[in-house]
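One file, coords.csv, is given below (CSV, C-alpha atoms and all ligand atoms).
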```
chain,number,residue,atom,x,y,z
T,6,MET,CA,145.4,106.3,78.3
T,7,LEU,CA,143.6,104.9,75.3
T,8,ASN,CA,141.4,107.8,74.1
T,9,LYS,CA,142.4,111.2,72.9
T,10,ASN,CA,139.9,112.4,75.4
T,11,PRO,CA,139.9,109.9,78.2
T,12,TYR,CA,137.0,111.7,79.8
T,13,ASN,CA,134.4,111.4,77.0
T,14,LEU,CA,132.8,108.5,79.0
T,15,CYS,CA,133.1,108.2,82.8
T,16,VAL,CA,131.5,106.1,85.4
T,17,ALA,CA,130.6,108.0,88.5
T,18,PRO,CA,132.1,107.2,91.9
T,19,MET,CA,129.4,105.4,93.9
T,20,MET,CA,129.8,104.1,97.4
T,21,GLY,CA,128.8,100.5,97.8
T,22,HIS,CA,129.2,100.0,94.0
T,23,THR,CA,132.3,101.2,92.3
T,24,ASP,CA,134.6,99.0,94.3
T,25,ILE,CA,137.6,96.9,93.0
T,26,HIS,CA,135.4,94.1,91.7
T,27,PHE,CA,132.8,96.2,89.9
T,28,ARG,CA,135.5,98.2,88.3
T,29,TYR,CA,137.2,95.0,87.1
T,30,PHE,CA,133.8,93.9,85.6
T,31,LEU,CA,133.3,97.2,84.0
T,32,ARG,CA,136.7,97.2,82.5
T,33,LEU,CA,135.9,93.9,80.7
T,34,ILE,CA,132.9,95.7,79.1
T,35,SER,CA,134.7,99.0,78.3
T,36,LYS,CA,138.4,99.6,77.8
T,37,HIS,CA,137.7,103.3,77.3
T,38,ALA,CA,135.6,104.5,80.2
T,39,MET,CA,137.3,106.4,82.9
T,40,LEU,CA,136.4,104.7,86.2
T,41,TYR,CA,136.3,106.1,89.7
T,42,SER,CA,136.6,104.5,93.1
T,43,GLU,CA,134.0,105.0,95.8
T,44,MET,CA,134.6,108.1,97.9
T,45,VAL,CA,137.0,107.3,100.8
T,46,ALA,CA,137.5,109.9,103.6
T,47,VAL,CA,141.1,110.9,104.4
T,48,ASN,CA,140.9,109.5,108.0
T,49,ALA,CA,139.9,106.1,106.7
T,50,ILE,CA,143.1,106.0,104.7
T,51,LEU,CA,145.4,107.5,107.2
T,52,HIS,CA,144.1,105.2,110.0
T,53,ASN,CA,143.9,102.3,107.7
T,54,LYS,CA,140.1,101.8,108.3
T,55,THR,CA,139.2,100.7,104.8
T,56,SER,CA,136.8,98.0,105.9
T,57,ARG,CA,136.7,94.4,104.8
T,58,TYR,CA,139.2,94.8,102.0
T,59,ASN,CA,141.7,97.5,101.2
T,60,LYS,CA,139.8,100.1,99.3
T,61,LEU,CA,143.1,101.4,97.8
T,62,GLU,CA,143.8,98.2,96.0
T,63,HIS,CA,142.8,97.9,92.4
T,64,ASN,CA,143.2,95.3,89.6
T,65,LEU,CA,143.8,95.9,85.9
T,66,ASP,CA,141.1,98.7,85.9
T,67,ASN,CA,143.1,101.7,84.6
T,68,PRO,CA,142.3,104.4,83.7
T,69,VAL,CA,140.9,104.9,87.2
T,70,GLY,CA,140.6,107.8,89.5
T,71,PHE,CA,140.5,107.6,93.3
T,72,GLN,CA,138.0,109.9,95.0
T,73,LEU,CA,138.9,111.5,98.3
T,74,GLY,CA,136.7,113.2,100.8
T,75,GLY,CA,138.3,115.7,103.2
T,76,ASP,CA,139.0,119.4,104.0
T,77,ASP,CA,142.4,119.2,105.6
T,78,PRO,CA,145.1,120.1,103.0
T,79,ARG,CA,147.9,118.3,104.9
T,80,LYS,CA,145.9,115.1,105.3
T,81,LEU,CA,144.7,115.1,101.7
T,82,SER,CA,148.2,115.6,100.6
T,83,GLU,CA,149.5,112.7,102.6
T,84,CYS,CA,146.7,110.5,101.1
T,85,ALA,CA,147.6,111.6,97.6
T,86,LYS,CA,151.1,110.2,98.0
T,87,ILE,CA,149.7,106.9,99.2
T,88,ILE,CA,147.1,106.8,96.3
T,89,GLU,CA,149.8,107.5,93.7
T,90,SER,CA,151.9,104.6,95.0
T,91,TYR,CA,148.9,102.3,94.3
T,92,GLY,CA,148.9,103.2,90.6
T,93,TYR,CA,145.8,105.3,90.2
T,94,ASP,CA,145.7,107.8,87.3
T,95,GLU,CA,144.0,110.7,89.0
T,96,ILE,CA,142.9,112.1,92.4
T,97,ASN,CA,139.3,113.3,92.4
T,98,LEU,CA,138.1,115.6,95.2
T,99,ASN,CA,134.5,115.1,96.3
T,100,ILE,CA,132.8,118.5,96.6
T,101,GLY,CA,129.3,117.1,96.0
T,102,CYS,CA,128.4,114.7,98.7
T,103,PRO,CA,125.4,116.1,100.7
T,104,SER,CA,125.3,113.5,103.5
T,105,LYS,CA,125.1,114.5,107.2
T,106,ARG,CA,128.4,112.8,107.8
T,107,ALA,CA,130.1,114.8,105.1
T,108,GLN,CA,128.6,118.0,106.4
T,109,SER,CA,129.7,117.3,110.0
T,110,GLY,CA,133.2,116.6,108.7
T,111,ASN,CA,133.1,119.7,106.5
T,112,PHE,CA,133.8,117.8,103.3
T,113,GLY,CA,131.7,117.0,100.3
T,114,ALA,CA,129.1,119.6,99.0
T,115,CYS,CA,129.5,122.0,101.9
T,116,LEU,CA,133.0,122.8,100.6
T,117,PHE,CA,131.3,124.4,97.6
T,118,SER,CA,130.8,127.5,99.8
T,119,GLN,CA,134.5,127.5,100.7
T,120,PRO,CA,136.4,127.6,97.4
T,121,GLU,CA,139.5,129.1,99.1
T,122,ILE,CA,139.8,125.9,101.2
T,123,VAL,CA,139.3,123.7,98.2
T,124,ALA,CA,142.1,125.7,96.4
T,125,LYS,CA,144.4,125.3,99.4
T,126,CYS,CA,143.7,121.5,99.4
T,127,VAL,CA,144.5,121.3,95.7
T,128,GLU,CA,147.7,123.3,96.2
T,129,GLU,CA,148.9,121.0,99.0
T,130,ILE,CA,148.0,117.8,97.2
T,131,SER,CA,149.9,118.9,94.1
T,132,LYS,CA,153.0,119.3,96.2
T,133,ASN,CA,152.9,115.6,96.9
T,134,THR,CA,151.8,114.0,93.7
T,135,VAL,CA,152.3,114.2,89.9
T,136,LEU,CA,148.8,112.9,89.4
T,137,PRO,CA,146.1,115.2,87.9
T,138,ILE,CA,143.7,116.6,90.5
T,139,THR,CA,140.1,116.8,89.4
T,140,VAL,CA,137.0,118.0,91.2
T,141,LYS,CA,133.5,116.5,91.2
T,142,THR,CA,130.9,119.0,92.4
T,143,ARG,CA,127.3,120.3,92.0
T,144,LEU,CA,125.9,123.4,90.3
T,145,GLY,CA,125.4,125.0,93.6
T,146,ILE,CA,124.2,124.5,97.2
T,147,ASP,CA,121.2,125.9,98.9
T,148,ASN,CA,121.1,129.7,98.2
T,149,LEU,CA,124.4,129.6,96.3
T,150,ASN,CA,122.5,128.8,93.2
T,151,ASN,CA,123.7,130.9,90.3
T,152,VAL,CA,126.1,130.5,87.4
T,153,LYS,CA,128.2,133.5,88.6
T,154,TYR,CA,129.0,131.8,91.9
T,155,LEU,CA,129.8,128.5,90.1
T,156,LYS,CA,132.2,130.3,87.7
T,157,ASP,CA,133.9,132.1,90.7
T,158,PHE,CA,134.3,128.7,92.3
T,159,ILE,CA,135.9,127.3,89.1
T,160,ASN,CA,138.1,130.3,88.7
T,161,ILE,CA,139.5,130.0,92.3
T,162,VAL,CA,140.0,126.2,92.2
T,163,SER,CA,141.3,126.0,88.6
T,164,SER,CA,143.9,128.7,89.5
T,165,LYS,CA,145.7,125.9,91.5
T,166,GLY,CA,145.9,123.6,88.5
T,167,VAL,CA,142.5,121.7,88.3
T,168,GLU,CA,141.7,121.2,84.7
T,169,VAL,CA,138.8,118.9,84.9
T,170,PHE,CA,135.4,119.4,86.7
T,171,HIS,CA,132.7,116.8,86.9
T,172,LEU,CA,129.4,118.7,87.3
T,173,HIS,CA,126.4,116.9,88.7
T,174,ALA,CA,123.8,119.1,86.9
T,175,ARG,CA,121.7,120.0,90.0
T,176,ILE,CA,122.3,121.8,93.2
T,177,ALA,CA,122.5,120.1,96.6
T,178,LEU,CA,120.0,121.0,99.3
T,179,LEU,CA,121.9,120.8,102.5
T,180,LYS,CA,120.0,123.0,104.9
T,181,LYS,CA,116.6,121.4,104.2
T,182,GLY,CA,117.9,118.1,105.7
T,183,ILE,CA,117.2,116.1,102.5
T,184,ASN,CA,119.0,112.8,102.5
T,185,PRO,CA,121.6,111.9,99.8
T,186,LYS,CA,119.1,109.7,97.9
T,187,HIS,CA,116.6,112.5,97.4
T,188,ASN,CA,119.5,114.9,96.7
T,189,ARG,CA,120.0,112.8,93.5
T,190,SER,CA,116.5,113.4,92.2
T,191,ILE,CA,115.5,116.9,93.4
T,192,PRO,CA,115.8,119.7,92.6
T,193,GLU,CA,115.5,119.5,88.8
T,194,ILE,CA,118.4,118.8,86.6
T,195,ASN,CA,119.8,121.8,84.7
T,196,TYR,CA,122.0,120.7,81.8
T,197,GLU,CA,121.9,124.2,80.2
T,198,ARG,CA,123.9,125.6,83.1
T,199,VAL,CA,126.6,123.1,82.5
T,200,TYR,CA,126.7,123.9,78.8
T,201,GLU,CA,127.0,127.6,79.7
T,202,VAL,CA,129.9,126.8,82.0
T,203,LYS,CA,131.6,124.9,79.2
T,204,ARG,CA,131.2,127.8,76.8
T,205,ALA,CA,132.9,130.0,79.3
T,206,TYR,CA,135.8,127.7,79.8
T,207,PRO,CA,137.0,126.3,76.5
T,208,ASP,CA,140.4,125.2,78.1
T,209,ILE,CA,138.9,123.4,81.0
T,210,LYS,CA,137.3,119.9,80.7
T,211,ILE,CA,133.7,120.0,81.8
T,212,ILE,CA,132.1,116.6,82.3
T,213,LEU,CA,128.4,116.4,82.6
T,214,ASN,CA,126.7,114.1,85.2
T,215,GLY,CA,123.1,113.4,86.2
T,216,GLU,CA,120.4,111.2,84.8
T,217,ILE,CA,122.1,110.4,81.5
T,218,ASN,CA,120.5,107.1,80.9
T,219,ASP,CA,120.4,106.7,77.2
T,220,PRO,CA,123.3,106.2,74.8
T,221,ASN,CA,121.9,108.5,72.1
T,222,ILE,CA,121.3,111.2,74.6
T,223,ALA,CA,124.8,110.8,75.9
T,224,VAL,CA,126.1,111.4,72.4
T,225,LYS,CA,124.0,114.5,72.1
T,226,HIS,CA,125.4,116.0,75.3
T,227,LEU,CA,128.9,115.5,73.9
T,228,GLN,CA,128.2,118.3,71.4
T,229,TYR,CA,128.3,120.7,74.3
T,230,VAL,CA,130.6,119.2,77.0
T,231,ASP,CA,133.9,117.3,77.0
T,232,GLY,CA,132.5,114.1,78.6
T,233,VAL,CA,129.5,112.4,80.2
T,234,MET,CA,129.6,110.7,83.5
T,235,LEU,CA,127.0,107.9,84.2
T,236,GLY,CA,126.1,106.7,87.6
T,237,ARG,CA,123.1,104.6,88.6
T,238,VAL,CA,122.3,103.5,85.1
T,239,VAL,CA,125.6,101.6,85.0
T,240,CYS,CA,124.7,99.7,88.2
T,241,ASN,CA,121.4,98.7,86.6
T,242,ASN,CA,122.8,98.0,83.1
T,243,PRO,CA,126.6,97.9,82.9
T,244,PHE,CA,126.5,96.9,79.2
T,245,ILE,CA,125.3,100.5,78.4
T,246,LEU,CA,129.0,101.3,78.4
T,247,ASN,CA,129.5,99.1,75.4
T,248,GLU,CA,126.5,100.7,73.6
T,249,ILE,CA,128.1,104.1,74.1
T,250,ASP,CA,131.6,102.9,73.1
T,251,ILE,CA,130.1,101.7,69.8
T,252,LEU,CA,128.7,105.2,69.2
T,253,ILE,CA,131.7,107.2,70.3
T,254,ASN,CA,134.8,105.0,70.5
T,255,SER,CA,134.5,102.9,67.4
T,256,GLU,CA,134.0,99.7,69.4
T,257,GLN,CA,132.3,96.5,68.4
T,258,GLN,CA,129.4,94.9,70.3
T,259,LYS,CA,130.8,92.8,73.1
T,260,ASN,CA,129.7,89.2,73.8
T,261,ARG,CA,127.9,89.1,77.1
T,262,ASN,CA,128.7,85.4,77.8
T,263,GLU,CA,132.4,85.9,77.2
T,264,ILE,CA,132.5,88.8,79.6
T,265,LEU,CA,130.7,86.7,82.3
T,266,GLU,CA,133.2,83.9,81.7
T,267,LYS,CA,136.1,86.2,82.2
T,268,TYR,CA,134.5,87.7,85.4
T,269,PHE,CA,133.8,84.2,86.6
T,270,SER,CA,137.6,83.3,86.1
T,271,TYR,CA,138.4,86.5,88.1
T,272,ILE,CA,136.2,85.4,91.0
T,273,ASN,CA,137.7,81.9,90.8
T,274,ALA,CA,141.2,83.4,91.1
T,275,ASN,CA,140.4,85.9,93.8
T,276,TYR,CA,137.7,84.5,96.0
T,277,CYS,CA,138.8,82.7,99.1
T,278,LYS,CA,136.9,81.3,102.1
T,279,ASP,CA,137.2,84.2,104.5
T,280,MET,CA,135.7,86.5,101.9
T,281,LYS,CA,132.1,87.1,101.0
T,282,ILE,CA,131.4,85.8,97.6
T,283,THR,CA,128.6,88.2,97.3
T,284,ASP,CA,131.1,91.1,97.3
T,285,PHE,CA,131.9,89.8,93.7
T,286,THR,CA,128.4,88.6,92.7
T,287,LYS,CA,126.2,91.5,93.9
T,288,HIS,CA,127.4,93.4,90.8
T,289,LEU,CA,125.9,90.8,88.6
T,290,ALA,CA,122.4,90.8,90.2
T,291,CYS,CA,121.3,93.6,87.9
T,292,LEU,CA,121.7,91.3,84.9
T,293,PHE,CA,118.8,89.2,86.0
T,294,LYS,CA,116.4,92.1,86.1
T,295,GLY,CA,113.4,91.6,83.9
T,296,TYR,CA,113.7,87.8,83.9
T,297,ILE,CA,111.1,85.5,85.4
T,298,GLY,CA,112.4,84.5,88.9
T,299,SER,CA,114.7,87.5,88.9
T,300,LYS,CA,113.7,88.7,92.4
T,301,HIS,CA,114.8,85.4,94.0
T,302,THR,CA,118.0,85.2,91.9
T,303,ARG,CA,119.0,88.7,92.8
T,304,ALA,CA,118.6,88.1,96.5
T,305,TYR,CA,120.6,84.9,96.0
T,306,MET,CA,123.5,86.8,94.3
T,307,CYS,CA,123.4,89.5,97.0
T,308,HIS,CA,123.0,87.4,100.1
T,309,GLU,CA,122.2,83.8,100.1
T,310,LEU,CA,125.1,82.6,98.0
T,311,ASN,CA,127.3,83.3,101.0
T,312,TYR,CA,125.7,80.4,102.9
T,313,GLU,CA,126.4,77.8,100.2
T,314,LYS,CA,129.0,75.1,100.9
T,315,GLU,CA,130.4,75.3,97.4
T,316,PRO,CA,129.4,78.8,96.2
T,317,LEU,CA,131.6,78.8,93.1
T,318,LYS,CA,130.0,75.7,91.8
T,319,LYS,CA,126.5,77.1,92.4
T,320,LEU,CA,127.5,80.3,90.8
T,321,GLU,CA,128.9,78.6,87.7
T,322,LYS,CA,125.7,76.6,87.4
T,323,LEU,CA,123.6,79.7,87.7
T,324,LEU,CA,125.5,81.7,85.1
T,325,PHE,CA,126.4,79.1,82.5
T,326,LYS,CA,124.7,75.8,82.8
T,327,GLU,CA,121.6,76.9,81.0
T,328,ASP,CA,121.6,79.5,78.3
T,329,LEU,CA,120.3,82.2,80.5
T,330,TRP,CA,120.5,84.9,78.0
T,331,LYS,CA,118.4,83.5,75.2
T,332,ASP,CA,114.9,85.0,75.7
T,333,GLY,CA,112.3,82.4,76.3
T,334,GLN,CA,114.7,79.4,75.7
T,335,GLY,CA,116.9,79.4,78.7
T,336,LEU,CA,116.6,78.9,82.4
T,337,TYR,CA,114.8,82.2,82.6
T,338,SER,CA,112.4,83.9,80.3
T,339,LYS,CA,112.3,87.6,79.8
T,340,VAL,CA,109.2,89.2,81.2
T,341,VAL,CA,107.5,91.0,78.4
Y,401,LIG,C1,124.6,104.5,95.7
Y,401,LIG,C2,125.3,105.8,95.3
Y,401,LIG,C3,126.5,106.1,95.9
Y,401,LIG,C4,127.1,107.3,95.5
Y,401,LIG,N1,128.4,107.6,96.1
Y,401,LIG,C5,129.0,108.7,95.6
Y,401,LIG,C6,130.4,108.9,96.0
Y,401,LIG,O1,131.0,108.1,96.7
Y,401,LIG,N2,131.0,110.0,95.5
Y,401,LIG,C7,130.4,110.9,94.7
Y,401,LIG,O2,131.0,111.9,94.2
Y,401,LIG,N3,129.1,110.7,94.3
Y,401,LIG,C8,128.5,109.6,94.7
Y,401,LIG,N4,127.2,109.3,94.2
Y,401,LIG,C9,126.6,110.3,93.2
Y,401,LIG,C10,127.0,109.8,91.8
Y,401,LIG,O3,128.4,109.9,91.6
Y,401,LIG,C11,126.3,110.7,90.8
Y,401,LIG,O4,126.7,112.0,90.9
Y,401,LIG,C12,124.7,110.7,90.9
Y,401,LIG,O5,124.3,109.4,91.1
Y,401,LIG,C13,124.1,111.3,89.7
Y,401,LIG,O6,124.4,110.6,88.5
Y,401,LIG,P1,123.3,109.6,87.9
Y,401,LIG,O7,122.0,110.3,87.7
Y,401,LIG,O8,123.9,109.2,86.6
Y,401,LIG,O9,123.2,108.4,88.8
Y,401,LIG,C14,126.5,108.2,94.6
Y,401,LIG,C15,125.3,107.8,94.0
Y,401,LIG,C16,124.7,106.6,94.3
Y,401,LIG,C17,123.4,106.2,93.6
```
Could you write out this file's structure as structure tokens?
Amino acid sequence: MLNKNPYNLCVAPMMGHTDIHFRYFLRLISKHAMLYSEMVAVNAILHNKTSRYNKLEHNLDNPVGFQLGGDDPRKLSECAKIIESYGYDEINLNIGCPSKRAQSGNFGACLFSQPEIVAKCVEEISKNTVLPITVKTRLGIDNLNNVKYLKDFINIVSSKGVEVFHLHARIALLKKGINPKHNRSIPEINYERVYEVKRAYPDIKIILNGEINDPNIAVKHLQYVDGVMLGRVVCNNPFILNEIDILINSEQQKNRNEILEKYFSYINANYCKDMKITDFTKHLACLFKGYIGSKHTRAYMCHELNYEKEPLKKLEKLLFKEDLWKDGQGLYSKVV
């Protein structure tokens, strides 16, 4: 680990985003940030259903945690052993996902009301791995919406060895049938409750998550908690990690073109014909936001590039032929 506190800056686990390629790209931008995989359910690992590519594989992206979804202590424990063998730095349990699928499988946020099961899961996992086990959860669910319950949850789960909790600073509304997207914007965020939890647990690392979209605000939160975890903002602007590293990890400003060149070399080395090139390039689409023609370019990076005969050549031209990143002088002009 590079930092004294490896958790001061974390990138949230996000399905469809924090895959092996995006994490590689993010690692080029920040050598400090703690990264997390997408959530993978235990059955997907045990039955080897990890879709187009093996979601367990990773590439020069440490420190990185693997996020698991499940409620069966034995299965979770089996998965932990497999995850450790792939070289991850941590196992993170998802106790925050509000989706219908998670609820019907009794994992994610609904486990918040079953802390004894979570504790049992942690106990079994720790028998099979030396990796730290951490928990990502919410401030509450439905009517379990008070700081006392949250502290009871932390007491029970930390008694089995969990020393790091990532708290998405809002509750999850499960019974109201709100979908996961809306469960990320309502109800209101409550940072104060997370600060209160931190004050009560000086020896446990409390990482704050939820709508932290500005580097200076991230630094302010760090007065009250051990770390900040950023989600959607990183998908929209990955270079925010460098801005925060400059403020908290004594880093220099990174050169955007150099990072793109390195990521292009990575694509060149790893892409082959039976893959979708957009699995690599969809993560770059956000860089075109705000430029004239960006809508078309983003669609191209996410879909149409797959249909090109020589996609790498096209991509190279798109990224480097013109000086894309000089406002008003390159292939695109920034919309003001
Ligand atoms: C597209 C998407 C996928 C997500 N997938 C996961 C996931 O797999 N596991 C998880 O714990 N949270 C997941 N989340 C929630 C985020 O980790 C984070 O808690 C949430 O977005 C709030 O942080 P933010 O306001 O910084 O985005 C996801 C969020 C988004 C937007």
Counting all atoms listed in the file, which residues of chain T fall within 9 Å of ligand LIG 401 (chain Y), and what is the closest atom pair for each with its distance in Å at one decimal, ordered by chain and rising number, as a tab-separated table?
```
residue	atom	partner	partner_atom	distance
T:Val16	CA	Y:LIG401	O3	7.9
T:Ala17	CA	Y:LIG401	O3	4.2
T:Pro18	CA	Y:LIG401	O3	4.6
T:Met19	CA	Y:LIG401	N1	3.3
T:Met20	CA	Y:LIG401	N1	4.0
T:Gly21	CA	Y:LIG401	C1	6.2
T:His22	CA	Y:LIG401	C1	6.7
T:Thr23	CA	Y:LIG401	O1	8.3
T:Tyr41	CA	Y:LIG401	N2	8.8
T:Ser42	CA	Y:LIG401	O1	7.6
T:Glu43	CA	Y:LIG401	O1	4.4
T:Met44	CA	Y:LIG401	O1	3.8
T:Val45	CA	Y:LIG401	O1	7.3
T:Gln72	CA	Y:LIG401	N2	7.0
T:Leu73	CA	Y:LIG401	N2	8.5
T:Gly74	CA	Y:LIG401	N2	8.4
T:Asn97	CA	Y:LIG401	O2	8.6
T:Leu98	CA	Y:LIG401	O2	8.1
T:Asn99	CA	Y:LIG401	O2	5.2
T:Ile100	CA	Y:LIG401	O2	7.2
T:Gly101	CA	Y:LIG401	O2	5.8
T:Cys102	CA	Y:LIG401	C7	5.9
T:Gly113	CA	Y:LIG401	O2	8.0
T:Lys141	CA	Y:LIG401	O2	6.0
T:Thr142	CA	Y:LIG401	O2	7.3
T:Arg143	CA	Y:LIG401	O4	8.4
T:His171	CA	Y:LIG401	O4	8.7
T:Leu172	CA	Y:LIG401	O4	8.1
T:His173	CA	Y:LIG401	O4	5.4
T:Ala174	CA	Y:LIG401	C13	8.3
T:Pro185	CA	Y:LIG401	C15	8.0
T:Lys186	CA	Y:LIG401	C17	7.0
T:Asn188	CA	Y:LIG401	C12	8.8
T:Arg189	CA	Y:LIG401	C12	5.8
T:Ser190	CA	Y:LIG401	O7	7.8
T:Asn214	CA	Y:LIG401	O6	5.3
T:Gly215	CA	Y:LIG401	O7	3.6
T:Glu216	CA	Y:LIG401	O7	3.4
T:Ile217	CA	Y:LIG401	O8	5.5
T:Asn218	CA	Y:LIG401	O8	7.0
T:Met234	CA	Y:LIG401	O8	6.7
T:Leu235	CA	Y:LIG401	O8	4.1
T:Gly236	CA	Y:LIG401	O8	3.5
T:Arg237	CA	Y:LIG401	O9	3.8
T:Val238	CA	Y:LIG401	O8	6.1
T:Val239	CA	Y:LIG401	O8	8.0
T:Cys240	CA	Y:LIG401	C17	8.5
```
Leaving out Gly70 (chain T) and any residue of its chain fewer than 6 positions from it, which residues lie within 6 Å of it when counting all atoms listed in the file, given as a PDB file with C-alpha atoms, in the coordinates of the input?
```pdb
ATOM      1  CA  TYR T  41     136.300 106.100  89.700  1.00  0.00           C
ATOM      2  CA  TYR T  93     145.800 105.300  90.200  1.00  0.00           C
ATOM      3  CA  ASP T  94     145.700 107.800  87.300  1.00  0.00           C
ATOM      4  CA  GLU T  95     144.000 110.700  89.000  1.00  0.00           C
ATOM      5  CA  ILE T  96     142.900 112.100  92.400  1.00  0.00           C
TER       6      ILE T  96
END
```
| field | Nearest to Ser270 (chain T) by atom-to-atom distance, counting all atoms listed in the file, from T:Phe30, T:Asp284, T:Asp76, T:Ile159 | value |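 Of all the options, T:Phe30 lies closest to Ser270 (chain T).
CA of Ile191 (chain T) is found 23.3 Å from CA of Tyr229 (chain T).
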| field | Nearest residue to Thr139 (chain T) from the set T:Ala274, T:Ile161, T:Met280, T:Val127 (distances using all atoms listed in the file) | value |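 Answer, going by the shortest atom-to-atom distance: T:Val127.
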| request: May I have the residues within 12 Å of Gln258 (chain T) as a count of residues only, using all atoms listed in the file and disregarding those fewer than 3 positions away in the same chain? | output: 16
| message | Please determine, counting all atoms listed in the file, which residue among T:Asn133, T:Tyr196, T:Ser299, T:Glu121 has the shortest atom-to-atom distance to Lys225 (chain T). | response |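 For Lys225 (chain T), the nearest of the given residues is T:Tyr196.
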| query | Interatomic distance between CA of Glu168 (chain T) and CA of Leu149 (chain T)? | reply | 22.5 Å
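Closest approach to Ser90 (chain T) among T:Ile282, T:Cys15, T:Met39, T:Val135 is made by T:Val135 (distances from all atoms listed in the file).
The coordinates place CA of Lys165 (chain T) at 19.3 Å from CA of Lys153 (chain T).
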Would you mind listing what lies within 9 Å of Thr286 (chain T) as a PDB file with C-alpha atoms, keeping the file's coordinate frame, with all atoms listed in the file counted and same-chain residues fewer than 2 positions away left out?
```pdb
ATOM      1  CA  HIS T  26     135.400  94.100  91.700  1.00  0.00           C
ATOM      2  CA  ILE T 272     136.200  85.400  91.000  1.00  0.00           C
ATOM      3  CA  ILE T 282     131.400  85.800  97.600  1.00  0.00           C
ATOM      4  CA  THR T 283     128.600  88.200  97.300  1.00  0.00           C
ATOM      5  CA  ASP T 284     131.100  91.100  97.300  1.00  0.00           C
ATOM      6  CA  HIS T 288     127.400  93.400  90.800  1.00  0.00           C
ATOM      7  CA  LEU T 289     125.900  90.800  88.600  1.00  0.00           C
ATOM      8  CA  ALA T 290     122.400  90.800  90.200  1.00  0.00           C
ATOM      9  CA  MET T 306     123.500  86.800  94.300  1.00  0.00           C
ATOM     10  CA  CYS T 307     123.400  89.500  97.000  1.00  0.00           C
ATOM     11  CA  LEU T 310     125.100  82.600  98.000  1.00  0.00           C
ATOM     12  CA  LEU T 320     127.500  80.300  90.800  1.00  0.00           C
TER      13      LEU T 320
END
```
| said: Which residues are near Asn160 (chain T)? Cut-off 10 Å, all atoms listed in the file, ignore same chain within fewer than 5 positions. Put them as number ranges by chain. | reply: T: 120, 124, 154-155, 165, 167, 206
| For Gly110 (chain T), which residue out of T:Gly92, T:Pro243, T:Gly75, T:Pro68 is the nearest one, using all atoms listed in the file? |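 Smallest distance to Gly110 (chain T) is found for T:Gly75.
Distance annotation: of T:Val123, T:Asn242, T:Pro192, T:Leu317, the residue with the minimal separation from Cys291 (chain T) is T:Asn242; atom set is only C-alpha atoms.
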| request: Pick out the residues sitting within 10 Å of Arg79 (chain T), and hand them over as a PyMOL selection string; count only C-alpha atoms, and ignore anything fewer than 6 positions along from it in its own chain. | output: chain T and resi 85+125-126+129-130+133
